[in-house]
Amino acid sequence: MLRRQSARESAARTYARALPIVPVRARGLTIEGADGRRYLDCLSGAGTLALGHNHPVVLEAIRKVLDSGAPLHVLDLATPVKDAFTTELFRTLPREFADRARVQFCGPAGTDAVEAAFKLVRTATGRAGMLAFTGAYHGMTAGALEASGGATDVRVARLPYPQDYRCPFGVGGDHGAELAARWTESVLDDSKSGVPQPAGMILEPVQGEGGVIPAPDGWMRRMREITAARSIPLIADEVQTGVGRTGTFWAVEHSGITPDVMVLSKAIGGSLPLAVIVYRDDLDVWQPGAHAGTFRGNQLAMAAGAATLAHVRENGLAERAGTVGAQMLAQLRVLADDFPCVGDVRGRGLMIGVELVHPDAAPDTAGGPRPAAPELAAAVQRECLRRGLIVELGGRHSSVVRLLPPLTISDEQATAVLDRLADAVAAVARGDQGQGAARAPLDDPRDEEGPPGEACGPPGMCPPRTVGAPRDEGVGRWRSP
């Protein structure tokens, strides 16, 4: 199958190159390949699987629609399934935002929702330009790419995104964030900046593909103040950060801001394709048919999405993600002390990044970080896979190992993930990649969760009936959070 895929599919394929496995079964955090090996999946469909693979509440919601005889394709017609999804979605939104919100169902991918958001604010304001940030990633369609970090020919003004480790001003911290905010004000207020009044500003509360860089809460509030004072709609791209991943249901809640537009996809579909924008009602100036999409009425995705949103909300999984994520980050930071090739560990909730650097190279600037080491990050990813752990790479040079486990990860599973990652980093640091024994698989993935309704530990969680840690504990240094 892998040979046929290589021969038949586009050269643009990505994950299939770094992860040469053929998944045949999956449950929760676990994927089983066609060769019988099992893996802990910390990619989670690039953050799509808030509840992991094949969660019982998601499967039940899908079966209910299939068994009901309801139509599966309805364009934008009203249905009970859509009404239930919209009601649950509005229930999760920040109250001040939800009270004045409208929702537009878009094409099935997050990039479609980004395009819709741009079109919305351009229509509402009568202006054309957009503001975006260095390191951003908003999708792969033309307009979304214009606002992303790799753009070349654009109608988008690029602004500095604050970060501590590789601060664009070389200072980091609150001072670096303040300089980034002042730069934004200068660009907007200087009549000779070359940037006319824009139609909107788009930002990610945590840059994911950009290297897992959380925006400082104070800076987020400054962006809200700056845009509001100048009548510039603020678009929050919550495609990857939404549905509890960062420790609050929506990542904008950390800073307390109310955006004008929210772009939502990935987890809101409960593993199936679904994308929407939610926006302030006074921006709703579109004429009928001004924006559409053939697959904007995906009933199975709406049912799975409503079940996912409700389960996360009712069981406090966002709060648990914040707690477990903070504990994992604290333990992972030990790696930076033990291994000079680990330059930085950062993240928010269960959106975690470990940046690999050249340990013997001189810093890029005096007192600054060492150069990024994408080849070491790729080696760590390969060693993780050998040990039964699936991780993603990101960042400016693909030098950041990214963890996006499902919100249902148990303490035992978190320990297993940390053990395998630490073991992989140690192997790369020693230069003995491919020499150690690969990790044994987990127990049957069906044992990962008890049957629906079985008494569980933390709300919404069913810990393994058999401990979900590898039989060979690897370095064995981590303790359950």
# chains A, B, ... in the order shown; residues from 1 in each chain; ligands from 1

$ residues_around --residues "stretch 401-409 of chain A" --least-positions-apart "6" --cutoff "8 Å" --atoms "only C-alpha atoms" --output "PyMOL selection string"
chain A and resi 28-29+41-44+46-47+49-52+211-212+244-245+317-318+320-321+350-356+377+380-381+391-394+460-461

$ select_by_dssp --residues "stretch 106-208 of chain A" --states "strand (DSSP E)" --output "PyMOL selection string"
chain A and resi 130-133+156-159+200-203+206-207

$ write_last_selection --atoms "C-alpha atoms" --output "compact mmCIF listing (two decimals), in the first residue's frame"
# COMPACT_ATOMS: atom_id res chain seq x y z
CA MET A 130 -5.51 42.74 5.64
CA LEU A 131 -3.17 42.71 8.62
CA ALA A 132 -1.50 39.43 9.58
CA PHE A 133 1.55 38.31 11.53
CA VAL A 156 -1.42 41.73 3.40
CA ALA A 157 0.70 43.87 5.72
CA ARG A 158 2.93 41.75 7.95
CA LEU A 159 3.29 42.61 11.64
CA GLY A 200 -9.37 43.46 9.13
CA MET A 201 -6.65 41.88 11.26
CA ILE A 202 -6.29 38.10 11.61
CA LEU A 203 -4.29 36.43 14.37
CA VAL A 206 -1.38 30.38 19.70
CA GLN A 207 0.62 30.00 16.50

$ atom_distance --atom1 "atom CA of A:Ala109" --atom2 "atom CA of A:Thr79"
21.2 Å

$ atom_distance --atom1 "atom CA of A:Arg280" --atom2 "atom CA of A:Arg182"
26.7 Å

$ select_by_dssp --residues "stretch 356-405 of chain A" --states "helix (DSSP H, G or I)" --output "ChimeraX atom specification"
/A:374-386

$ residues_around --residues "stretch 226-243 of chain A" --least-positions-apart "2" --cutoff "9 Å" --atoms "only C-alpha atoms" --output "NGL selection string"
:A and (46-48 or 50 or 92 or 110-111 or 114 or 117-118 or 121 or 125 or 138 or 181 or 184-185 or 188 or 197-208 or 221-224 or 245-246 or 248-252 or 258-268 or 275 or 279 or 283 or 308-309 or 312-313 or 318 or 351)

$ closest_residue --among "A:Ser271, A:Thr323, A:Ser148, A:Thr365" --to "A:Gly45" --atoms "only C-alpha atoms"
A:Ser271
